[in-house]
>>> print(open('final_28.txt').read())   # compact mmCIF, C-alpha atoms
# COMPACT_ATOMS: atom_id res chain seq x y z
CA MET A 1 14.40 45.87 -18.08
CA ASN A 2 15.30 45.17 -21.61
CA ASN A 3 13.86 42.43 -23.81
CA LYS A 4 16.92 40.14 -23.47
CA THR A 5 16.62 40.14 -19.67
CA ILE A 6 12.89 39.41 -19.76
CA ILE A 7 13.39 36.59 -22.27
CA GLY A 8 16.29 35.18 -20.22
CA VAL A 9 14.29 35.21 -16.97
CA THR A 10 11.28 33.67 -18.74
CA ILE A 11 13.37 30.89 -20.28
CA PHE A 12 15.06 30.21 -16.92
CA PHE A 13 11.66 30.06 -15.22
CA ILE A 14 10.24 27.66 -17.84
CA ILE A 15 13.30 25.40 -17.68
CA SER A 16 13.08 25.39 -13.87
CA ILE A 17 9.42 24.34 -13.95
CA ILE A 18 10.06 21.61 -16.52
CA SER A 19 13.01 20.33 -14.50
CA TYR A 20 10.94 20.24 -11.31
CA ILE A 21 8.06 18.38 -12.98
CA THR A 22 10.45 15.90 -14.60
CA PHE A 23 12.30 15.25 -11.34
CA SER A 24 9.04 14.86 -9.40
CA SER A 25 7.65 12.34 -11.85
CA LEU A 26 10.89 10.33 -11.89
CA SER A 27 11.30 10.03 -8.14
CA PHE A 28 10.75 6.36 -7.40
CA ASN A 29 9.19 4.81 -4.35
CA ASN A 30 10.50 1.41 -3.41
CA PHE A 31 7.96 -1.35 -3.89
CA GLY A 32 5.83 -1.63 -0.78
CA GLU A 33 7.14 1.55 0.84
CA SER A 34 3.70 3.16 0.93
CA PHE A 35 2.13 -0.12 2.08
CA VAL A 36 4.48 -0.39 5.06
CA GLU A 37 4.02 3.28 5.92
CA GLN A 38 0.22 2.93 5.95
CA ILE A 39 0.33 -0.30 7.97
CA ARG A 40 2.64 1.25 10.56
CA ILE A 41 0.27 4.23 10.90
CA ALA A 42 -2.81 2.01 11.20
CA ASP A 43 -1.18 -0.35 13.71
CA SER A 44 -2.24 1.66 16.75
CA GLU A 45 -1.87 -1.38 19.02
CA ASN A 46 1.73 -1.89 17.79
CA THR A 47 0.95 -5.48 16.87
CA LEU A 48 3.50 -5.48 14.06
CA GLU A 49 6.19 -3.25 15.57
CA ASN A 50 8.66 -6.13 16.01
CA TYR A 51 8.48 -7.18 12.37
CA SER A 52 10.69 -5.80 9.65
CA ASP A 53 9.41 -3.89 6.66
CA ASP A 54 10.54 -6.74 4.41
CA THR A 55 8.51 -9.23 6.44
CA LEU A 56 5.43 -7.02 6.19
CA ILE A 57 5.86 -6.67 2.42
CA GLN A 58 6.25 -10.44 2.05
CA VAL A 59 3.09 -11.03 4.10
CA GLY A 60 1.31 -8.37 2.03
CA LYS A 61 2.27 -10.19 -1.17
CA GLU A 62 0.99 -13.46 0.28
CA ILE A 63 -2.27 -11.76 1.21
CA CYS A 64 -2.57 -10.59 -2.39
CA THR A 65 -2.03 -14.05 -3.79
CA SER A 66 -4.53 -15.50 -1.34
CA SER A 67 -7.36 -13.34 -2.67
CA ASN A 68 -8.56 -16.19 -4.89
CA ARG A 69 -9.63 -17.98 -1.68
CA TRP A 70 -11.72 -15.09 -0.35
CA VAL A 71 -15.25 -16.37 -0.85
CA ASP A 72 -16.71 -14.01 1.74
CA GLU A 73 -15.55 -11.46 4.27
CA GLN A 74 -15.10 -13.86 7.18
CA THR A 75 -13.23 -16.39 5.05
CA SER A 76 -10.87 -13.65 3.89
CA LEU A 77 -10.11 -12.73 7.50
CA ASN A 78 -9.50 -16.40 8.36
CA VAL A 79 -7.17 -16.83 5.37
CA ILE A 80 -5.17 -13.75 6.38
CA PHE A 81 -5.10 -14.87 10.01
CA ASN A 82 -3.65 -18.22 8.90
CA LEU A 83 -1.07 -16.48 6.68
CA LEU A 84 0.02 -14.37 9.63
CA ASN A 85 0.38 -17.49 11.79
CA ASP A 86 2.32 -19.25 9.01
CA ASN A 87 4.73 -16.28 9.07
CA GLU A 88 4.97 -16.51 12.87
CA ILE A 89 3.09 -13.27 13.37
CA LYS A 90 0.86 -13.90 16.33
CA VAL A 91 -2.35 -11.89 16.41
CA ASP A 92 -5.82 -12.45 17.77
CA ILE A 93 -8.40 -13.33 15.10
CA ASN A 94 -10.38 -10.24 16.13
CA ASN A 95 -7.43 -7.87 15.87
CA ARG A 96 -8.34 -4.88 13.73
CA ILE A 97 -5.01 -5.13 11.90
CA ILE A 98 -6.28 -8.12 9.88
CA PRO A 99 -8.90 -6.22 7.84
CA ILE A 100 -6.46 -3.33 7.54
CA LEU A 101 -3.86 -5.69 6.08
CA ARG A 102 -6.49 -7.07 3.69
CA PHE A 103 -7.36 -3.62 2.42
CA GLN A 104 -3.86 -2.12 2.30
CA SER A 105 -2.31 -5.20 0.69
CA THR A 106 -4.89 -5.15 -2.05
CA TYR A 107 -4.84 -1.39 -2.52
CA GLU A 108 -1.07 -0.87 -2.40
CA LEU A 109 0.49 -4.14 -3.59
CA CYS A 110 -2.00 -5.65 -6.02
CA PRO A 111 -4.55 -3.08 -7.14
CA GLU A 112 -5.57 -5.46 -9.93
CA ASN A 113 -7.40 -7.43 -7.18
CA ILE A 114 -9.50 -4.52 -5.94
CA SER A 115 -12.53 -6.06 -7.63
CA VAL A 116 -12.12 -9.15 -5.41
CA LEU A 117 -12.16 -6.93 -2.34
CA GLU A 118 -15.21 -5.05 -3.61
CA ASP A 119 -17.02 -8.32 -4.28
CA LEU A 120 -16.61 -9.37 -0.63
CA PHE A 121 -18.80 -6.52 0.47
CA THR A 122 -21.14 -6.42 -2.52
CA ASN A 123 -21.97 -10.12 -2.20
CA ALA A 124 -22.48 -9.79 1.56
CA LYS A 125 -25.57 -7.63 1.04
>>> encode(input="final_28.txt", output="C-alpha cells")
Amino acid sequence: MNNKTIIGVTIFFIISIISYITFSSLSFNNFGESFVEQIRIADSENTLENYSDDTLIQVGKEICTSSNRWVDEQTSLNVIFNLLNDNEIKVDINNRIIPILRFQSTYELCPENISVLEDLFTNAK
C-alpha cells in the first residue's frame, strides 16, 4: 500500500470513530424512559401493568416532590402509598413495589434528592 491509501484509511477510521462517539453522546432518552423500564422490570407481581408509562412518570414525579415529608422509612412508605391511592393505583401497603418506587423515583427522576433517601436509612440506625 502506498502512503496516500494508508493516510486515507486512517482518516476514514478516525472520522468514523468521532462520528460514532458524537452520535452516541447525542442520542436522547425521553424523560422517565429509564425509570419506567426499571419499574416494569421490578414489578414482578404485575401490580402496575394496567397503568400507562405517563401515569407512572407522573406518580414518580409526585414521589420526588413528596420527599420533603419523609421523616423516616415508614413515613416515606406511607406517603408513597397515599400518593398511589390518590392516583387510583390500588396496592397493598406491604407491596414491595412501594420501596422500589421510592428508590427508582429518586434515583432516576430527581437524583438531587438522593441525600434524602440516604438519610432515611442513616437516621434509622
>>> residues_around(input="final_28.txt", residues="Asp54 in chain A", least_positions_apart="5", cutoff="9 Å", atoms="all atoms listed in the file", output="list in words")
Gly32, Val36 and Val59 of chain A
>>> residues_around(input="final_28.txt", residues="Glu62 in chain A", least_positions_apart="4", cutoff="8 Å", atoms="all atoms listed in the file", output="list in words")
Gln58, Ser66 and Leu83 of chain A
>>> residues_around(input="final_28.txt", residues="range 106-118 of chain A", least_positions_apart="5", cutoff="10 Å", atoms="only C-alpha atoms", output="CSV table (one decimal) with C-alpha atoms, in the frame of the given file")
chain,number,residue,atom,x,y,z
A,31,PHE,CA,8.0,-1.4,-3.9
A,32,GLY,CA,5.8,-1.6,-0.8
A,33,GLU,CA,7.1,1.6,0.8
A,34,SER,CA,3.7,3.2,0.9
A,35,PHE,CA,2.1,-0.1,2.1
A,36,VAL,CA,4.5,-0.4,5.1
A,38,GLN,CA,0.2,2.9,6.0
A,57,ILE,CA,5.9,-6.7,2.4
A,60,GLY,CA,1.3,-8.4,2.0
A,61,LYS,CA,2.3,-10.2,-1.2
A,63,ILE,CA,-2.3,-11.8,1.2
A,64,CYS,CA,-2.6,-10.6,-2.4
A,65,THR,CA,-2.0,-14.0,-3.8
A,67,SER,CA,-7.4,-13.3,-2.7
A,68,ASN,CA,-8.6,-16.2,-4.9
A,69,ARG,CA,-9.6,-18.0,-1.7
A,70,TRP,CA,-11.7,-15.1,-0.4
A,71,VAL,CA,-15.2,-16.4,-0.8
A,72,ASP,CA,-16.7,-14.0,1.7
A,73,GLU,CA,-15.6,-11.5,4.3
A,76,SER,CA,-10.9,-13.6,3.9
A,100,ILE,CA,-6.5,-3.3,7.5
A,101,LEU,CA,-3.9,-5.7,6.1
A,123,ASN,CA,-22.0,-10.1,-2.2
>>> atom_distance(input="final_28.txt", atom1="CA of Gln104 in chain A", atom2="CA of Ile39 in chain A")
7.3 Å
>>> atom_distance(input="final_28.txt", atom1="CA of Asn95 in chain A", atom2="CA of Phe81 in chain A")
9.4 Å
>>> atom_distance(input="final_28.txt", atom1="CA of Ser105 in chain A", atom2="CA of Leu56 in chain A")
9.7 Å
>>> closest_residue(input="final_28.txt", among="A:Asn2, A:Asp43, A:Glu37, A:Asn78", to="Arg96 in chain A", atoms="all atoms listed in the file")
A:Asp43
>>> closest_residue(input="final_28.txt", among="A:Ile89, A:Leu120, A:Leu48, A:Ala42", to="Gln74 in chain A", atoms="only C-alpha atoms")
A:Leu120
>>> build_atoms(input="final_28.txt", residues="range 21-56 of chain A", atoms="N, CA and C atoms", output="compact mmCIF listing (two decimals), in the coordinates of the input")
# COMPACT_ATOMS: atom_id res chain seq x y z
N ILE A 21 9.10 19.36 -12.62
CA ILE A 21 8.06 18.38 -12.98
C ILE A 21 8.71 17.05 -13.37
N THR A 22 9.76 17.12 -14.17
CA THR A 22 10.45 15.90 -14.60
C THR A 22 11.03 15.16 -13.40
N PHE A 23 11.70 15.87 -12.52
CA PHE A 23 12.30 15.25 -11.34
C PHE A 23 11.22 14.64 -10.44
N SER A 24 10.12 15.36 -10.25
CA SER A 24 9.04 14.86 -9.40
C SER A 24 8.44 13.59 -9.95
N SER A 25 8.27 13.52 -11.26
CA SER A 25 7.65 12.34 -11.85
C SER A 25 8.61 11.16 -11.90
N LEU A 26 9.91 11.41 -11.84
CA LEU A 26 10.89 10.33 -11.89
C LEU A 26 11.32 9.83 -10.53
N SER A 27 10.90 10.50 -9.46
CA SER A 27 11.30 10.03 -8.14
C SER A 27 10.55 8.73 -7.86
N PHE A 28 11.30 7.70 -7.55
CA PHE A 28 10.75 6.36 -7.40
C PHE A 28 10.55 6.02 -5.94
N ASN A 29 9.41 5.40 -5.66
CA ASN A 29 9.19 4.81 -4.35
C ASN A 29 9.57 3.34 -4.46
N ASN A 30 10.20 2.83 -3.43
CA ASN A 30 10.50 1.41 -3.41
C ASN A 30 9.19 0.64 -3.31
N PHE A 31 9.16 -0.54 -3.92
CA PHE A 31 7.96 -1.35 -3.89
C PHE A 31 7.57 -1.63 -2.44
N GLY A 32 6.35 -1.35 -2.11
CA GLY A 32 5.83 -1.63 -0.78
C GLY A 32 6.07 -0.54 0.25
N GLU A 33 6.81 0.50 -0.12
CA GLU A 33 7.14 1.55 0.84
C GLU A 33 5.87 2.21 1.39
N SER A 34 4.96 2.54 0.51
CA SER A 34 3.70 3.16 0.93
C SER A 34 2.86 2.18 1.75
N PHE A 35 2.86 0.92 1.35
CA PHE A 35 2.13 -0.12 2.08
C PHE A 35 2.61 -0.18 3.53
N VAL A 36 3.92 -0.29 3.71
CA VAL A 36 4.48 -0.39 5.06
C VAL A 36 4.17 0.87 5.86
N GLU A 37 4.31 2.02 5.24
CA GLU A 37 4.02 3.28 5.92
C GLU A 37 2.57 3.31 6.41
N GLN A 38 1.64 2.92 5.56
CA GLN A 38 0.22 2.93 5.95
C GLN A 38 -0.08 1.89 7.03
N ILE A 39 0.54 0.74 6.95
CA ILE A 39 0.33 -0.30 7.97
C ILE A 39 0.88 0.16 9.31
N ARG A 40 2.04 0.76 9.29
CA ARG A 40 2.64 1.25 10.56
C ARG A 40 1.75 2.32 11.19
N ILE A 41 1.17 3.18 10.38
CA ILE A 41 0.27 4.23 10.90
C ILE A 41 -0.99 3.59 11.48
N ALA A 42 -1.55 2.63 10.78
CA ALA A 42 -2.81 2.01 11.20
C ALA A 42 -2.64 1.06 12.39
N ASP A 43 -1.44 0.61 12.64
CA ASP A 43 -1.18 -0.35 13.71
C ASP A 43 -1.09 0.36 15.07
N SER A 44 -2.22 0.88 15.51
CA SER A 44 -2.24 1.66 16.75
C SER A 44 -1.94 0.81 17.99
N GLU A 45 -2.15 -0.49 17.90
CA GLU A 45 -1.87 -1.38 19.02
C GLU A 45 -0.44 -1.91 18.96
N ASN A 46 0.34 -1.47 17.97
CA ASN A 46 1.73 -1.89 17.79
C ASN A 46 1.88 -3.40 17.68
N THR A 47 0.92 -4.04 17.06
CA THR A 47 0.95 -5.48 16.87
C THR A 47 2.12 -5.91 16.02
N LEU A 48 2.47 -5.10 15.03
CA LEU A 48 3.50 -5.48 14.06
C LEU A 48 4.82 -4.74 14.25
N GLU A 49 4.99 -4.08 15.37
CA GLU A 49 6.19 -3.25 15.57
C GLU A 49 7.49 -4.04 15.57
N ASN A 50 7.44 -5.31 15.94
CA ASN A 50 8.66 -6.13 16.01
C ASN A 50 9.00 -6.83 14.70
N TYR A 51 8.25 -6.52 13.66
CA TYR A 51 8.48 -7.18 12.37
C TYR A 51 9.06 -6.19 11.38
N SER A 52 10.00 -6.67 10.60
CA SER A 52 10.69 -5.80 9.65
C SER A 52 9.77 -5.40 8.51
N ASP A 53 10.16 -4.34 7.83
CA ASP A 53 9.41 -3.89 6.66
C ASP A 53 9.37 -4.98 5.60
N ASP A 54 10.48 -5.66 5.41
CA ASP A 54 10.54 -6.74 4.41
C ASP A 54 9.57 -7.86 4.75
N THR A 55 9.45 -8.19 6.02
CA THR A 55 8.51 -9.23 6.44
C THR A 55 7.08 -8.78 6.15
N LEU A 56 6.78 -7.53 6.45
CA LEU A 56 5.43 -7.02 6.19
C LEU A 56 5.12 -7.03 4.69
